[in-house]
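**Q** One structure, pasted below without further comment.
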Amino acid sequence: MTNTAIRPFRIEIPQDKLDQLRARLADTRWAPEVPGDQADWSRGIPLSYLKELVRYWGEKFDWRAQEAALNEFPQFITEIEGQPIHFLHVRSPEPDAMPLLITHGYPSSIAEFMRVVGPLSDPRAHGGAPNDAFHVVVPSLPGFGFSTPLAGPGWEAGRTTQAFAELMSRLGYERFGAQGGDIGAGVTGRLGATLPERVIGTHVNSDKGALGLAGEHYPVPDHLTDEERAVVDAARAGWKQERAARFLHEAAHSELEWVAPSTVPSGWAVFHTHPVIRRMMDPEHKIAHWSDFDEGGHFAAMEAGPLLVEDVRAFFRGLRT
């Protein structure tokens, strides 16, 4: 029997779990430094940096403060295909607000959006126009945060897209906008491509690190100059050194079918940008809403929240009825 119930959720980590974690961090056995190694990241995380990182998480980080801050947002959990799906659901006080599904990426969580949920859901209280309001839904990707434990293998972008569409149906949102970056950009684009009758528009944020996916997730175009190709090759080399994680493994080994480009309106916001990105992604400038920002980076909601909020508002402003 399928359990479709939506249950309230509150983060309450037992104190003994926190104590155990701090004790394990304090008891870390460090490998000896290798003579001649440089602290320049060329051979992974420098030992001095790693020690300071462990010291911070073991002695300085205040989990209870973060837990309280997260619990200020309405949280829920439900099961879809046997998989726990945890999510924020912040309804706007504005009656005509647009439902907006926001999907995070890797390595990230719903915490990335703590500073933007308020301005998006209640713009009147944050110096914005009330007709820019959204009912905001922010799920944790399967296997991330509190969308655990994984019910089994196979949770990649395609299956996650279907699950999040089901989540929006359970919440009563048959029509909605979608936004995301990294893995979230993939889910967002796939929602628009596979469910154009339900998706009002798709807005994705990216950064110049996306160039590392060229040749793997999308082809390297022939029109690039030698200088532009060198920029792309450097990004691809860096990406190969950084990949990890189950979700990426599932994506690499899935038989996910290619889908045609979405017919719904789409917008891009590129942070810490580089001119070659649009030359790659939109050489003919067919994407009507394209924004380049020098600030921010891969985690735009945390690094340049006000810019992201305003860009999302501007994009969806023309799609409201």
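Lettering and numbering for the structure tokens are positional, with chains as A, B, ... in the shown order, residues counted from 1 in each chain, and ligands counted from 1 in the shown order.
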Quick one: residues within 6 Å of region 86-97 of chain A, only C-alpha atoms, excluding same-chain residues fewer than 6 positions away - as a list in words?
**A**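 The contact residues come out as Pro74, Gln75, Phe76, Ile77, Ser121, Asp122, Ala133, Phe134, His135, Val136, Val137, Val138, Pro139, Ser140, Phe146 and Ser147 of chain A.
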**Q** Could those residues be written to a file, using all heavy atoms, as a CSV table (one decimal), in the first residue's frame?
**A**
```csv
chain,number,residue,atom,x,y,z
A,74,PRO,N,8.7,26.0,7.8
A,74,PRO,CA,7.7,24.9,7.8
A,74,PRO,C,8.3,23.7,7.0
A,74,PRO,O,8.6,23.9,5.8
A,74,PRO,CB,6.5,25.4,7.2
A,74,PRO,CG,6.6,26.9,7.2
A,74,PRO,CD,8.0,27.2,7.2
A,75,GLN,N,8.5,22.6,7.7
A,75,GLN,CA,9.1,21.4,7.0
A,75,GLN,C,8.1,20.2,7.1
A,75,GLN,O,7.4,20.1,8.0
A,75,GLN,CB,10.4,21.0,7.7
A,75,GLN,CG,11.5,22.1,7.7
A,75,GLN,CD,12.7,21.7,8.5
A,75,GLN,OE1,13.4,20.8,8.2
A,75,GLN,NE2,12.9,22.5,9.6
A,76,PHE,N,8.3,19.4,6.1
A,76,PHE,CA,7.4,18.2,6.0
A,76,PHE,C,8.2,17.1,5.4
A,76,PHE,O,9.3,17.2,4.8
A,76,PHE,CB,6.2,18.6,5.1
A,76,PHE,CG,5.4,19.7,5.6
A,76,PHE,CD1,5.8,21.0,5.2
A,76,PHE,CD2,4.3,19.6,6.4
A,76,PHE,CE1,5.1,22.2,5.6
A,76,PHE,CE2,3.6,20.7,6.9
A,76,PHE,CZ,4.0,22.0,6.5
A,77,ILE,N,7.6,15.9,5.4
A,77,ILE,CA,8.1,14.7,4.8
A,77,ILE,C,7.0,13.8,4.3
A,77,ILE,O,5.9,13.8,4.8
A,77,ILE,CB,9.0,13.9,5.8
A,77,ILE,CG1,9.9,12.9,5.1
A,77,ILE,CG2,8.2,13.2,6.9
A,77,ILE,CD1,11.1,12.4,5.9
A,121,SER,N,9.0,34.4,-0.9
A,121,SER,CA,7.6,34.1,-0.4
A,121,SER,C,6.9,35.3,0.1
A,121,SER,O,5.6,35.4,0.0
A,121,SER,CB,7.6,33.0,0.6
A,121,SER,OG,8.3,33.5,1.8
A,122,ASP,N,7.6,36.3,0.6
A,122,ASP,CA,6.9,37.5,1.2
A,122,ASP,C,7.7,38.7,0.8
A,122,ASP,O,8.3,39.4,1.6
A,122,ASP,CB,6.9,37.4,2.7
A,122,ASP,CG,6.0,38.4,3.4
A,122,ASP,OD1,5.3,39.2,2.6
A,122,ASP,OD2,5.9,38.4,4.6
A,133,ALA,N,5.2,37.6,-5.5
A,133,ALA,CA,5.3,36.6,-4.4
A,133,ALA,C,5.2,35.1,-5.0
A,133,ALA,O,4.6,34.9,-6.0
A,133,ALA,CB,4.2,36.8,-3.4
A,134,PHE,N,5.8,34.2,-4.3
A,134,PHE,CA,5.8,32.8,-4.6
A,134,PHE,C,5.4,32.0,-3.4
A,134,PHE,O,5.8,32.3,-2.3
A,134,PHE,CB,7.2,32.3,-5.1
A,134,PHE,CG,7.7,32.9,-6.3
A,134,PHE,CD1,8.5,34.0,-6.2
A,134,PHE,CD2,7.4,32.4,-7.6
A,134,PHE,CE1,9.0,34.7,-7.4
A,134,PHE,CE2,7.9,33.0,-8.7
A,134,PHE,CZ,8.7,34.1,-8.6
A,135,HIS,N,4.7,30.9,-3.6
A,135,HIS,CA,4.6,29.8,-2.6
A,135,HIS,C,5.8,28.9,-2.9
A,135,HIS,O,5.9,28.3,-4.0
A,135,HIS,CB,3.3,29.0,-2.8
A,135,HIS,CG,2.0,29.7,-2.6
A,135,HIS,ND1,1.8,30.5,-1.5
A,135,HIS,CD2,1.0,29.9,-3.4
A,135,HIS,CE1,0.6,31.1,-1.6
A,135,HIS,NE2,0.1,30.7,-2.8
A,136,VAL,N,6.7,28.8,-1.9
A,136,VAL,CA,8.0,28.2,-2.2
A,136,VAL,C,8.1,26.8,-1.6
A,136,VAL,O,7.8,26.5,-0.5
A,136,VAL,CB,9.2,29.0,-1.6
A,136,VAL,CG1,10.5,28.4,-1.8
A,136,VAL,CG2,9.1,30.5,-2.1
A,137,VAL,N,8.5,25.8,-2.5
A,137,VAL,CA,8.7,24.4,-2.1
A,137,VAL,C,10.1,24.1,-2.4
A,137,VAL,O,10.6,24.2,-3.5
A,137,VAL,CB,7.8,23.5,-2.9
A,137,VAL,CG1,8.0,22.0,-2.5
A,137,VAL,CG2,6.3,23.9,-2.7
A,138,VAL,N,10.9,23.6,-1.4
A,138,VAL,CA,12.3,23.3,-1.5
A,138,VAL,C,12.5,21.9,-1.0
A,138,VAL,O,12.7,21.7,0.2
A,138,VAL,CB,13.2,24.3,-0.8
A,138,VAL,CG1,14.7,24.0,-1.1
A,138,VAL,CG2,12.8,25.7,-1.1
A,139,PRO,N,12.5,20.9,-1.9
A,139,PRO,CA,12.8,19.5,-1.4
A,139,PRO,C,14.3,19.2,-1.3
A,139,PRO,O,15.1,19.8,-2.0
A,139,PRO,CB,12.1,18.7,-2.5
A,139,PRO,CG,12.1,19.5,-3.7
A,139,PRO,CD,12.2,20.9,-3.3
A,140,SER,N,14.6,18.2,-0.4
A,140,SER,CA,15.9,17.7,-0.4
A,140,SER,C,16.0,16.6,-1.4
A,140,SER,O,15.1,15.7,-1.5
A,140,SER,CB,16.2,17.1,1.0
A,140,SER,OG,16.1,18.1,2.0
A,146,PHE,N,17.6,15.3,4.8
A,146,PHE,CA,16.7,14.4,5.5
A,146,PHE,C,15.8,13.6,4.6
A,146,PHE,O,14.9,13.0,5.0
A,146,PHE,CB,15.8,15.3,6.5
A,146,PHE,CG,16.7,15.9,7.6
A,146,PHE,CD1,17.1,17.2,7.5
A,146,PHE,CD2,17.1,15.1,8.6
A,146,PHE,CE1,17.8,17.8,8.5
A,146,PHE,CE2,17.9,15.7,9.6
A,146,PHE,CZ,18.3,17.0,9.5
A,147,SER,N,16.1,13.6,3.3
A,147,SER,CA,15.5,12.7,2.3
A,147,SER,C,16.3,11.4,2.3
A,147,SER,O,16.8,10.9,1.3
A,147,SER,CB,15.4,13.3,0.9
A,147,SER,OG,14.5,14.3,0.8
```
**Q** Apply DSSP to the backbone of this structure and, from region 56-295 of chain A, keep only the residues in strand (DSSP E); write these as a PyMOL selection string.
**A** chain A and resi 75-80+83-90+98-103+134-139+176-181+199-207+266-271+289-293
**Q** Take the residues that were just selected and, keeping C-alpha atoms, output them as an mmCIF file, in the first residue's frame.
**A**
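The file below, result.cif, is the result:
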```
data_model
loop_
_atom_site.group_PDB
_atom_site.id
_atom_site.type_symbol
_atom_site.label_atom_id
_atom_site.label_comp_id
_atom_site.auth_asym_id
_atom_site.auth_seq_id
_atom_site.Cartn_x
_atom_site.Cartn_y
_atom_site.Cartn_z
ATOM 1 C CA GLN A 75 9.102 21.406 7.022
ATOM 2 C CA PHE A 76 7.378 18.212 5.961
ATOM 3 C CA ILE A 77 8.146 14.693 4.823
ATOM 4 C CA THR A 78 6.330 12.260 2.557
ATOM 5 C CA GLU A 79 7.098 9.035 0.708
ATOM 6 C CA ILE A 80 7.234 8.733 -3.071
ATOM 7 C CA GLN A 83 11.578 7.053 -0.802
ATOM 8 C CA PRO A 84 11.358 9.611 2.035
ATOM 9 C CA ILE A 85 11.192 13.112 0.544
ATOM 10 C CA HIS A 86 11.814 15.965 2.977
ATOM 11 C CA PHE A 87 10.916 19.509 1.952
ATOM 12 C CA LEU A 88 10.289 23.075 2.998
ATOM 13 C CA HIS A 89 6.868 24.440 2.103
ATOM 14 C CA VAL A 90 6.536 28.160 2.726
ATOM 15 C CA MET A 98 2.876 31.563 -7.919
ATOM 16 C CA PRO A 99 3.996 28.085 -6.764
ATOM 17 C CA LEU A 100 7.760 27.738 -7.221
ATOM 18 C CA LEU A 101 9.752 24.510 -6.887
ATOM 19 C CA ILE A 102 13.430 25.117 -6.058
ATOM 20 C CA THR A 103 15.886 22.218 -6.377
ATOM 21 C CA PHE A 134 5.798 32.776 -4.599
ATOM 22 C CA HIS A 135 4.590 29.782 -2.624
ATOM 23 C CA VAL A 136 8.026 28.187 -2.180
ATOM 24 C CA VAL A 137 8.686 24.424 -2.133
ATOM 25 C CA VAL A 138 12.279 23.288 -1.526
ATOM 26 C CA PRO A 139 12.770 19.501 -1.424
ATOM 27 C CA PHE A 176 4.152 25.847 -11.050
ATOM 28 C CA GLY A 177 7.470 27.471 -11.865
ATOM 29 C CA ALA A 178 10.765 25.642 -11.414
ATOM 30 C CA GLN A 179 14.204 26.903 -10.426
ATOM 31 C CA GLY A 180 17.534 25.257 -9.649
ATOM 32 C CA GLY A 181 21.268 25.017 -10.101
ATOM 33 C CA VAL A 199 5.503 24.062 -15.820
ATOM 34 C CA ILE A 200 5.010 27.807 -16.192
ATOM 35 C CA GLY A 201 8.680 28.524 -16.772
ATOM 36 C CA THR A 202 12.153 27.282 -15.873
ATOM 37 C CA HIS A 203 14.902 29.431 -14.367
ATOM 38 C CA VAL A 204 18.374 28.005 -13.789
ATOM 39 C CA ASN A 205 21.450 29.465 -12.173
ATOM 40 C CA SER A 206 24.915 28.449 -13.210
ATOM 41 C CA ASP A 207 28.533 29.553 -13.056
ATOM 42 C CA SER A 266 13.359 29.553 -19.825
ATOM 43 C CA GLY A 267 15.784 31.900 -18.138
ATOM 44 C CA TRP A 268 19.464 31.712 -17.173
ATOM 45 C CA ALA A 269 21.389 33.551 -14.479
ATOM 46 C CA VAL A 270 25.149 32.960 -14.658
ATOM 47 C CA PHE A 271 27.259 33.962 -11.654
ATOM 48 C CA HIS A 289 16.148 35.965 -20.359
ATOM 49 C CA TRP A 290 19.917 35.705 -19.849
ATOM 50 C CA SER A 291 21.672 37.474 -16.961
ATOM 51 C CA ASP A 292 25.423 37.633 -16.360
ATOM 52 C CA PHE A 293 26.805 38.519 -12.919
#
```
**Q** Going by DSSP on the backbone, which residues of region 26-268 of chain A come out as alpha helix (DSSP H)? List them as a PyMOL selection string.
**A** chain A and resi 26+47-55+63-70+117-121+157-170+183-194+226-242+246-253
**Q** Smallest atom-to-atom distance to Ala304 (chain A): which of A:Ala193, A:Ala65, A:Ala23, A:Val116, using only C-alpha atoms?
**A**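 Of all the options, A:Val116 lies closest to Ala304 (chain A).
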**Q** Quote the spacing between CA of Asp294 (chain A) and CA of Ile110 (chain A) in Å to one decimal place.
**A**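 CA of Ile110 (chain A) lies 24.3 Å from CA of Asp294 (chain A).
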**Q** Write out as a CSV table (one decimal) with N, CA and C atoms, in the first residue's frame which residues come within 7 Å of Ile277 (chain A) when counting only C-alpha atoms, dropping same-chain ones fewer than 4 positions away.
**A**
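Generated file (selection33.csv):
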```
chain,number,residue,atom,x,y,z
A,208,LYS,N,30.7,29.6,-14.1
A,208,LYS,CA,31.6,29.1,-15.2
A,208,LYS,C,32.1,27.7,-15.0
A,211,LEU,N,31.3,24.8,-17.5
A,211,LEU,CA,32.1,24.5,-18.7
A,211,LEU,C,32.7,23.2,-18.6
A,281,MET,N,26.3,27.9,-24.6
A,281,MET,CA,25.0,27.5,-24.3
A,281,MET,C,23.9,28.1,-25.2
```
**Q** Quote the spacing between CA of Ala288 (chain A) and CA of Gly318 (chain A) in Å to one decimal place.
**A**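 The value is 11.5 Å.
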**Q** Quote the spacing between CA of Gly305 (chain A) and CA of Ser109 (chain A) in Å to one decimal place.
**A**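 If I compute the distance from CA of Gly305 (chain A) to CA of Ser109 (chain A), I get 15.3 Å.
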**Q** Check the smallest atom-to-atom distance from each of A:Thr188, A:Asn3, A:Thr28, A:Ser169 to Ser262 (chain A) using only C-alpha atoms, then report the winner.
**A**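 Looking at the shortest contact to Ser262 (chain A), the residue is A:Thr188.
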**Q** Show which residues sit within 12 Å of Glu33 (chain A), as a ChimeraX atom specification. Count only C-alpha atoms, and ignore same-chain residues fewer than 5 positions away.
**A** /A:38-39,43,45-48,50-51
**Q** For Phe144 (chain A), which of A:Ala111, A:Met168, A:Leu25, A:Val259 is the closest residue, counting only C-alpha atoms?
**A**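 Selected residue with least distance to Phe144 (chain A): A:Ala111.
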**Q** Show me, as a PyMOL selection string, the residues that have an atom within 9 Å of Leu307 (chain A) when counting only C-alpha atoms, minus same-chain residues fewer than 6 positions from it.
**A** chain A and resi 293+295-296+300-301
**Q** Keeping C-alpha atoms, export the residues of the selection given above as a PDB file, in the first residue's frame.
**A**
```pdb
ATOM      1  CA  PHE A 293      26.805  38.519 -12.919  1.00  0.00           C
ATOM      2  CA  GLU A 295      29.591  38.214  -8.305  1.00  0.00           C
ATOM      3  CA  GLY A 296      28.640  34.930  -6.701  1.00  0.00           C
ATOM      4  CA  ALA A 300      24.278  31.573  -5.869  1.00  0.00           C
ATOM      5  CA  ALA A 301      21.542  31.611  -3.220  1.00  0.00           C
TER       6      ALA A 301
END
```
**Q** Just checking: using only C-alpha atoms, which residue out of A:Leu171, A:Ile11, A:Val54, A:Ala163 ends up closest to Gly145 (chain A)?
**A**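 Of all the options, A:Ile11 lies closest to Gly145 (chain A).
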